[in-house]
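S.K.: My questions will all concern the structure given below.
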Amino acid sequence: MIKTSIALPLIYALLLTFASCGEKNYQNSGAVWGTTYHITYAAPYDLGDSIIAVMADIENELSMFSPSSTVSRINRNEGDVSVGNAFADVFNLSRDISRITSGAFDPTVGPLTNIWGFGTASIDPSSTPTQQAIDSVLTSVGIIDCHIDGSRIIKKTPDTQFDFSSIAKGYGVDAVAAMLARNGCRDYLVEIGGEIVAHGVNPRGKQWQIQIDAPTSDAETHEAMIIIPISNAAVATSGNYRNYRIADGKRIGHTLDPRTGRPAESATLSATIVAPDCATADALATACMVMDAENAIKIIEQMPDTEALLAVASSDSIALIRSSRFPKGR
């Protein structure tokens, strides 16, 4: 299963029901990819089976926790592995975001997450890796140095490992939303692990209202930092305050800088991105956690129809830094 990079969703949708003439209200929910999903839509019939089928297709290609998935087989260097559309889409978008962010986003950091204690490998939780170990792993990191030849992936080195956890969830939200649209749904909200696509309007003919949580270390607390209106857009949030460990007497966050091989040195506690699609929003939110806030906002400002809200630690308070057109909230 695809696991999320944050322990619990940082965004909660204020779900509302609706129905036009000839349509019924449907809400499908459950567990997938190590998190939960909630999908609300108006349609002439229940699309629950189709929703599950879409999620299964994505898991079959992108789940590094499934030994039979495409990405797992590629990571094991099995021969004759053909990549499907989902893998190719996520791979190509990852390369684009990596270029845009000057390498701050890179899904080949899997081996780094292992040596820092956030992956699947078993390590001494009280220690940190040596610079030699970091340098050794960095030789295999770099999605820009990988490419697709026909239907086959060419990796930077045989040790290069793909972990699309920081973009696959958003891509899954997009895929479910696209399926709903193909089936004639106009008003719907898809939420998987806190990543969201909202389309159309709520029952009152208004934009959907999306709650963004305040960055607190308590996984059970979901205090609203801001509520923003959204229609025909995607929202994703990444945070670095709930997934961490203590090593050598220091708190180490799970967000790693692919350029240095070390935990990101940033005062940003959470990054929320509003974008045309959720895969882009998901990847950019991760990248913004790596970059300093000022540089992150500059990059977001250059991207069409894309906005950011960063919660940044400032002395004993939290400052909210937003791009110029980020939706006004309450």
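Order determines the names: the first chain of the structure tokens is A, the second B, and so forth; residues in each chain are numbered 1 upward, and ligands are numbered 1 upward as they are shown.
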What's around Trp116 in chain A at 7 Å? Count only C-alpha atoms, leave out sequence neighbours fewer than 2 positions away in its own chain, and write the answer as a ChimeraX atom specification.
M.R.: /A:112-114,118,128-129
S.K.: Would you return as a VMD selection string the members of range 1-176 of chain A that DSSP assigns to strand (DSSP E) on this structure's backbone?
M.R.: chain A and resid 11 to 13 24 to 32 35 to 43 147 to 149 152 to 154
S.K.: What gap, in Å, lies between CA of Ile39 in chain A and CA of Ala275 in chain A?
M.R.: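 Rounded to one decimal, the two atoms are 19.1 Å apart.
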S.K.: Per residue of range 91-155 of chain A within 12 Å of range 288-294 of chain A, record the nearest atom pair and its distance in Å to one decimal, counting only C-alpha atoms, with rows in chain order and ascending residue number, as a Markdown table.
M.R.:
| residue | atom | partner | partner_atom | distance |
| --- | --- | --- | --- | --- |
| A:Ile97 | CA | A:Cys288 | CA | 11.2 |
| A:Ser98 | CA | A:Cys288 | CA | 11.7 |
| A:Ile100 | CA | A:Cys288 | CA | 11.5 |
| A:Thr101 | CA | A:Met291 | CA | 8.3 |
| A:Ser102 | CA | A:Met291 | CA | 9.7 |
| A:Gly103 | CA | A:Val290 | CA | 9.7 |
| A:Ala104 | CA | A:Val290 | CA | 6.0 |
| A:Phe105 | CA | A:Val290 | CA | 7.9 |
| A:Asp106 | CA | A:Val290 | CA | 10.8 |
S.K.: For Asn28 in chain A, which residue among A:Tyr188, A:Phe162, A:Tyr171, A:Phe65 is the nearest when counting only C-alpha atoms?
M.R.: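 Among the listed residues, the smallest separation from Asn28 in chain A belongs to A:Tyr188.
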S.K.: Counting only C-alpha atoms, which residues of range 99-188 of chain A sit at most 9 Å from some atom of range 58-61 of chain A, and what is each one's closest atom pair with its distance in Å to one decimal, listed by chain and rising residue number, as CSV?
M.R.:
residue,atom,partner,partner_atom,distance
A:Ala168,CA,A:Ile58,CA,8.1
A:Tyr171,CA,A:Ile58,CA,8.6
A:Gly172,CA,A:Ile58,CA,6.8
A:Ala175,CA,A:Ile58,CA,8.6
S.K.: Those selected residues, please, written with N, CA, C and O atoms and delivered as a PDB file, in the first residue's frame.
M.R.:
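And here's selection.pdb as it stands now:
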ATOM      1  N   ALA A 168       2.036  10.311  -5.213  1.00  0.00           N
ATOM      2  CA  ALA A 168       1.066   9.300  -5.651  1.00  0.00           C
ATOM      3  C   ALA A 168      -0.305   9.487  -5.029  1.00  0.00           C
ATOM      4  O   ALA A 168      -1.336   9.219  -5.661  1.00  0.00           O
ATOM      5  N   TYR A 171      -1.972  12.092  -6.974  1.00  0.00           N
ATOM      6  CA  TYR A 171      -2.323  11.524  -8.282  1.00  0.00           C
ATOM      7  C   TYR A 171      -3.564  10.636  -8.162  1.00  0.00           C
ATOM      8  O   TYR A 171      -4.430  10.643  -9.043  1.00  0.00           O
ATOM      9  N   GLY A 172      -3.654   9.893  -7.061  1.00  0.00           N
ATOM     10  CA  GLY A 172      -4.830   9.057  -6.842  1.00  0.00           C
ATOM     11  C   GLY A 172      -6.099   9.874  -6.698  1.00  0.00           C
ATOM     12  O   GLY A 172      -7.161   9.503  -7.211  1.00  0.00           O
ATOM     13  N   ALA A 175      -7.104  10.884 -10.108  1.00  0.00           N
ATOM     14  CA  ALA A 175      -7.640   9.763 -10.892  1.00  0.00           C
ATOM     15  C   ALA A 175      -9.090   9.473 -10.510  1.00  0.00           C
ATOM     16  O   ALA A 175      -9.934   9.215 -11.379  1.00  0.00           O
TER      17      ALA A 175
END
S.K.: Can you tell me, as a list in words, what residues are no more than 12 Å from Ser314 in chain A when counting only C-alpha atoms, ignoring any on the same chain fewer than 2 positions away?
M.R.: Ser266, Ala267, Thr268, Leu269, Ala293, Leu310, Ala311, Val312, Asp316, Ser317, Ile318, Ala319, Leu320 and Ile321 of chain A
S.K.: Just the selected residues (all heavy atoms), exported as a compact mmCIF listing (two decimals), in the first residue's frame, please.
M.R.:
# COMPACT_ATOMS: atom_id res chain seq x y z
N SER A 266 14.68 24.11 7.59
CA SER A 266 13.69 25.12 7.24
C SER A 266 12.81 25.41 8.43
O SER A 266 12.51 24.51 9.24
CB SER A 266 12.84 24.64 6.06
OG SER A 266 11.74 25.49 5.83
N ALA A 267 12.39 26.64 8.57
CA ALA A 267 11.48 27.02 9.65
C ALA A 267 10.03 26.75 9.28
O ALA A 267 9.14 26.97 10.09
CB ALA A 267 11.67 28.50 9.99
N THR A 268 9.78 26.29 8.07
CA THR A 268 8.42 26.03 7.61
C THR A 268 7.86 24.79 8.31
O THR A 268 8.45 23.71 8.25
CB THR A 268 8.38 25.83 6.09
OG1 THR A 268 8.89 27.01 5.44
CG2 THR A 268 6.96 25.58 5.61
N LEU A 269 6.72 24.95 8.96
CA LEU A 269 6.08 23.86 9.68
C LEU A 269 5.07 23.12 8.81
O LEU A 269 4.87 21.91 8.97
CB LEU A 269 5.38 24.39 10.93
CG LEU A 269 6.29 25.09 11.96
CD1 LEU A 269 5.44 25.68 13.07
CD2 LEU A 269 7.31 24.11 12.52
N ALA A 293 11.18 29.67 2.96
CA ALA A 293 9.85 30.18 2.63
C ALA A 293 9.88 31.22 1.52
O ALA A 293 9.04 31.19 0.61
CB ALA A 293 9.20 30.76 3.89
N LEU A 310 2.19 29.11 3.66
CA LEU A 310 3.21 28.48 4.49
C LEU A 310 3.04 28.91 5.94
O LEU A 310 2.88 30.11 6.22
CB LEU A 310 4.61 28.86 4.00
CG LEU A 310 4.91 28.68 2.51
CD1 LEU A 310 6.34 29.08 2.21
CD2 LEU A 310 4.64 27.24 2.08
N ALA A 311 3.07 27.95 6.84
CA ALA A 311 3.08 28.24 8.27
C ALA A 311 4.53 28.13 8.72
O ALA A 311 5.14 27.06 8.67
CB ALA A 311 2.20 27.26 9.03
N VAL A 312 5.10 29.25 9.15
CA VAL A 312 6.53 29.33 9.45
C VAL A 312 6.73 29.69 10.91
O VAL A 312 6.10 30.62 11.43
CB VAL A 312 7.20 30.39 8.54
CG1 VAL A 312 8.70 30.46 8.82
CG2 VAL A 312 6.96 30.06 7.07
N ASP A 316 8.31 32.74 19.13
CA ASP A 316 7.40 31.86 19.87
C ASP A 316 6.01 31.81 19.24
O ASP A 316 5.04 31.42 19.88
CB ASP A 316 7.30 32.31 21.32
CG ASP A 316 6.80 33.75 21.45
OD1 ASP A 316 6.74 34.44 20.43
OD2 ASP A 316 6.48 34.16 22.59
N SER A 317 5.92 32.21 17.96
CA SER A 317 4.63 32.21 17.29
C SER A 317 4.78 31.58 15.90
O SER A 317 5.85 31.13 15.50
CB SER A 317 4.09 33.63 17.16
OG SER A 317 4.97 34.42 16.38
N ILE A 318 3.67 31.54 15.18
CA ILE A 318 3.66 31.00 13.82
C ILE A 318 3.21 32.10 12.87
O ILE A 318 2.14 32.70 13.06
CB ILE A 318 2.72 29.78 13.71
CG1 ILE A 318 3.22 28.64 14.58
CG2 ILE A 318 2.62 29.32 12.26
CD1 ILE A 318 2.30 27.44 14.61
N ALA A 319 4.02 32.36 11.86
CA ALA A 319 3.68 33.37 10.85
C ALA A 319 3.12 32.67 9.63
O ALA A 319 3.61 31.62 9.21
CB ALA A 319 4.92 34.18 10.48
N LEU A 320 2.06 33.25 9.05
CA LEU A 320 1.48 32.72 7.82
C LEU A 320 1.98 33.56 6.65
O LEU A 320 1.77 34.77 6.60
CB LEU A 320 -0.04 32.76 7.89
CG LEU A 320 -0.70 31.89 8.96
CD1 LEU A 320 -2.22 31.97 8.85
CD2 LEU A 320 -0.23 30.44 8.85
N ILE A 321 2.65 32.88 5.72
CA ILE A 321 3.18 33.54 4.53
C ILE A 321 2.46 32.96 3.33
O ILE A 321 2.44 31.75 3.13
CB ILE A 321 4.70 33.33 4.40
CG1 ILE A 321 5.41 33.86 5.65
CG2 ILE A 321 5.24 34.00 3.15
CD1 ILE A 321 6.90 33.57 5.67
S.K.: Can you tell me which residues surround Glu78 in chain A at a distance of at most 12 Å, considering only C-alpha atoms, apart from same-chain residues fewer than 5 positions away, and format the answer as a list in words?
M.R.: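 Close residues of Glu78 in chain A: Pro67, Ser68, Ser69, Thr70, Val71, Ser72, Arg73, Arg152, Ile153, Ile154 and Pro158 of chain A.
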S.K.: Identify all residues of range 118-193 of chain A in alpha helix (DSSP H) (DSSP on the backbone) and supply them as a PDB file with N, CA, C and O atoms, in the first residue's frame.
M.R.:
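After the write, part33.pdb holds the following:
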ATOM      1  N   GLN A 131      28.550  11.057   7.385  1.00  0.00           N
ATOM      2  CA  GLN A 131      28.610  11.755   6.113  1.00  0.00           C
ATOM      3  C   GLN A 131      29.005  10.800   4.990  1.00  0.00           C
ATOM      4  O   GLN A 131      28.536  10.929   3.856  1.00  0.00           O
ATOM      5  N   GLN A 132      29.858   9.843   5.311  1.00  0.00           N
ATOM      6  CA  GLN A 132      30.257   8.856   4.306  1.00  0.00           C
ATOM      7  C   GLN A 132      29.060   8.048   3.828  1.00  0.00           C
ATOM      8  O   GLN A 132      28.906   7.796   2.625  1.00  0.00           O
ATOM      9  N   ALA A 133      28.206   7.652   4.767  1.00  0.00           N
ATOM     10  CA  ALA A 133      27.011   6.887   4.394  1.00  0.00           C
ATOM     11  C   ALA A 133      26.061   7.742   3.550  1.00  0.00           C
ATOM     12  O   ALA A 133      25.478   7.259   2.566  1.00  0.00           O
ATOM     13  N   ILE A 134      25.920   9.012   3.916  1.00  0.00           N
ATOM     14  CA  ILE A 134      25.055   9.915   3.156  1.00  0.00           C
ATOM     15  C   ILE A 134      25.590  10.100   1.735  1.00  0.00           C
ATOM     16  O   ILE A 134      24.843  10.001   0.759  1.00  0.00           O
ATOM     17  N   ASP A 135      26.891  10.355   1.617  1.00  0.00           N
ATOM     18  CA  ASP A 135      27.501  10.563   0.304  1.00  0.00           C
ATOM     19  C   ASP A 135      27.350   9.330  -0.574  1.00  0.00           C
ATOM     20  O   ASP A 135      27.130   9.434  -1.788  1.00  0.00           O
ATOM     21  N   SER A 136      27.475   8.161   0.030  1.00  0.00           N
ATOM     22  CA  SER A 136      27.341   6.916  -0.728  1.00  0.00           C
ATOM     23  C   SER A 136      25.943   6.772  -1.308  1.00  0.00           C
ATOM     24  O   SER A 136      25.767   6.407  -2.483  1.00  0.00           O
ATOM     25  N   VAL A 137      24.917   7.089  -0.504  1.00  0.00           N
ATOM     26  CA  VAL A 137      23.536   6.978  -0.974  1.00  0.00           C
ATOM     27  C   VAL A 137      23.225   8.043  -2.019  1.00  0.00           C
ATOM     28  O   VAL A 137      22.506   7.784  -2.996  1.00  0.00           O
ATOM     29  N   LEU A 138      23.772   9.239  -1.845  1.00  0.00           N
ATOM     30  CA  LEU A 138      23.483  10.340  -2.772  1.00  0.00           C
ATOM     31  C   LEU A 138      23.913  10.033  -4.204  1.00  0.00           C
ATOM     32  O   LEU A 138      23.374  10.625  -5.142  1.00  0.00           O
ATOM     33  N   SER A 165       5.613   8.287  -2.726  1.00  0.00           N
ATOM     34  CA  SER A 165       4.637   8.567  -1.669  1.00  0.00           C
ATOM     35  C   SER A 165       4.243  10.032  -1.606  1.00  0.00           C
ATOM     36  O   SER A 165       3.127  10.363  -1.206  1.00  0.00           O
ATOM     37  N   SER A 166       5.164  10.914  -1.982  1.00  0.00           N
ATOM     38  CA  SER A 166       4.898  12.348  -1.866  1.00  0.00           C
ATOM     39  C   SER A 166       4.196  12.933  -3.083  1.00  0.00           C
ATOM     40  O   SER A 166       4.016  14.155  -3.165  1.00  0.00           O
ATOM     41  N   ILE A 167       3.749  12.089  -3.993  1.00  0.00           N
ATOM     42  CA  ILE A 167       3.001  12.562  -5.167  1.00  0.00           C
ATOM     43  C   ILE A 167       1.889  11.592  -5.555  1.00  0.00           C
ATOM     44  O   ILE A 167       0.881  11.997  -6.132  1.00  0.00           O
ATOM     45  N   ALA A 168       2.036  10.311  -5.213  1.00  0.00           N
ATOM     46  CA  ALA A 168       1.066   9.300  -5.651  1.00  0.00           C
ATOM     47  C   ALA A 168      -0.305   9.487  -5.029  1.00  0.00           C
ATOM     48  O   ALA A 168      -1.336   9.219  -5.661  1.00  0.00           O
ATOM     49  N   LYS A 169      -0.346   9.948  -3.780  1.00  0.00           N
ATOM     50  CA  LYS A 169      -1.646  10.172  -3.134  1.00  0.00           C
ATOM     51  C   LYS A 169      -2.430  11.245  -3.876  1.00  0.00           C
ATOM     52  O   LYS A 169      -3.630  11.089  -4.147  1.00  0.00           O
ATOM     53  N   GLY A 170      -1.740  12.354  -4.207  1.00  0.00           N
ATOM     54  CA  GLY A 170      -2.384  13.404  -4.985  1.00  0.00           C
ATOM     55  C   GLY A 170      -2.817  12.909  -6.349  1.00  0.00           C
ATOM     56  O   GLY A 170      -3.906  13.256  -6.833  1.00  0.00           O
ATOM     57  N   TYR A 171      -1.972  12.092  -6.974  1.00  0.00           N
ATOM     58  CA  TYR A 171      -2.323  11.524  -8.282  1.00  0.00           C
ATOM     59  C   TYR A 171      -3.564  10.636  -8.162  1.00  0.00           C
ATOM     60  O   TYR A 171      -4.430  10.643  -9.043  1.00  0.00           O
ATOM     61  N   GLY A 172      -3.654   9.893  -7.061  1.00  0.00           N
ATOM     62  CA  GLY A 172      -4.830   9.057  -6.842  1.00  0.00           C
ATOM     63  C   GLY A 172      -6.099   9.874  -6.698  1.00  0.00           C
ATOM     64  O   GLY A 172      -7.161   9.503  -7.211  1.00  0.00           O
ATOM     65  N   VAL A 173      -6.002  11.009  -6.004  1.00  0.00           N
ATOM     66  CA  VAL A 173      -7.152  11.903  -5.885  1.00  0.00           C
ATOM     67  C   VAL A 173      -7.584  12.383  -7.270  1.00  0.00           C
ATOM     68  O   VAL A 173      -8.783  12.396  -7.598  1.00  0.00           O
ATOM     69  N   ASP A 174      -6.618  12.777  -8.088  1.00  0.00           N
ATOM     70  CA  ASP A 174      -6.926  13.219  -9.453  1.00  0.00           C
ATOM     71  C   ASP A 174      -7.599  12.115 -10.257  1.00  0.00           C
ATOM     72  O   ASP A 174      -8.537  12.372 -11.024  1.00  0.00           O
ATOM     73  N   ALA A 175      -7.104  10.884 -10.108  1.00  0.00           N
ATOM     74  CA  ALA A 175      -7.640   9.763 -10.892  1.00  0.00           C
ATOM     75  C   ALA A 175      -9.090   9.473 -10.510  1.00  0.00           C
ATOM     76  O   ALA A 175      -9.934   9.215 -11.379  1.00  0.00           O
ATOM     77  N   VAL A 176      -9.398   9.506  -9.221  1.00  0.00           N
ATOM     78  CA  VAL A 176     -10.782   9.286  -8.790  1.00  0.00           C
ATOM     79  C   VAL A 176     -11.669  10.426  -9.282  1.00  0.00           C
ATOM     80  O   VAL A 176     -12.783  10.198  -9.777  1.00  0.00           O
ATOM     81  N   ALA A 177     -11.175  11.665  -9.175  1.00  0.00           N
ATOM     82  CA  ALA A 177     -11.954  12.816  -9.645  1.00  0.00           C
ATOM     83  C   ALA A 177     -12.225  12.714 -11.139  1.00  0.00           C
ATOM     84  O   ALA A 177     -13.332  13.022 -11.606  1.00  0.00           O
ATOM     85  N   ALA A 178     -11.225  12.281 -11.907  1.00  0.00           N
ATOM     86  CA  ALA A 178     -11.394  12.139 -13.357  1.00  0.00           C
ATOM     87  C   ALA A 178     -12.446  11.075 -13.680  1.00  0.00           C
ATOM     88  O   ALA A 178     -13.242  11.234 -14.622  1.00  0.00           O
ATOM     89  N   MET A 179     -12.457   9.996 -12.911  1.00  0.00           N
ATOM     90  CA  MET A 179     -13.460   8.956 -13.124  1.00  0.00           C
ATOM     91  C   MET A 179     -14.862   9.490 -12.842  1.00  0.00           C
ATOM     92  O   MET A 179     -15.809   9.219 -13.601  1.00  0.00           O
ATOM     93  N   LEU A 180     -15.018  10.259 -11.771  1.00  0.00           N
ATOM     94  CA  LEU A 180     -16.322  10.846 -11.468  1.00  0.00           C
ATOM     95  C   LEU A 180     -16.778  11.764 -12.602  1.00  0.00           C
ATOM     96  O   LEU A 180     -17.942  11.734 -13.012  1.00  0.00           O
ATOM     97  N   ALA A 181     -15.849  12.572 -13.109  1.00  0.00           N
ATOM     98  CA  ALA A 181     -16.192  13.486 -14.202  1.00  0.00           C
ATOM     99  C   ALA A 181     -16.604  12.717 -15.454  1.00  0.00           C
ATOM    100  O   ALA A 181     -17.546  13.110 -16.148  1.00  0.00           O
ATOM    101  N   ARG A 182     -15.901  11.621 -15.746  1.00  0.00           N
ATOM    102  CA  ARG A 182     -16.260  10.808 -16.925  1.00  0.00           C
ATOM    103  C   ARG A 182     -17.659  10.238 -16.810  1.00  0.00           C
ATOM    104  O   ARG A 182     -18.329   9.989 -17.813  1.00  0.00           O
TER     105      ARG A 182
END
S.K.: Measuring atom to atom with only C-alpha atoms, identify which of A:Pro304, A:Pro263, A:Lys298, A:Glu195 is nearest to Ala285 in chain A.
M.R.: A:Glu195
S.K.: How many Å lie between CA of Val83 in chain A and CA of Pro258 in chain A, rounded to one decimal?
M.R.: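 These atoms are spaced 24.2 Å apart.
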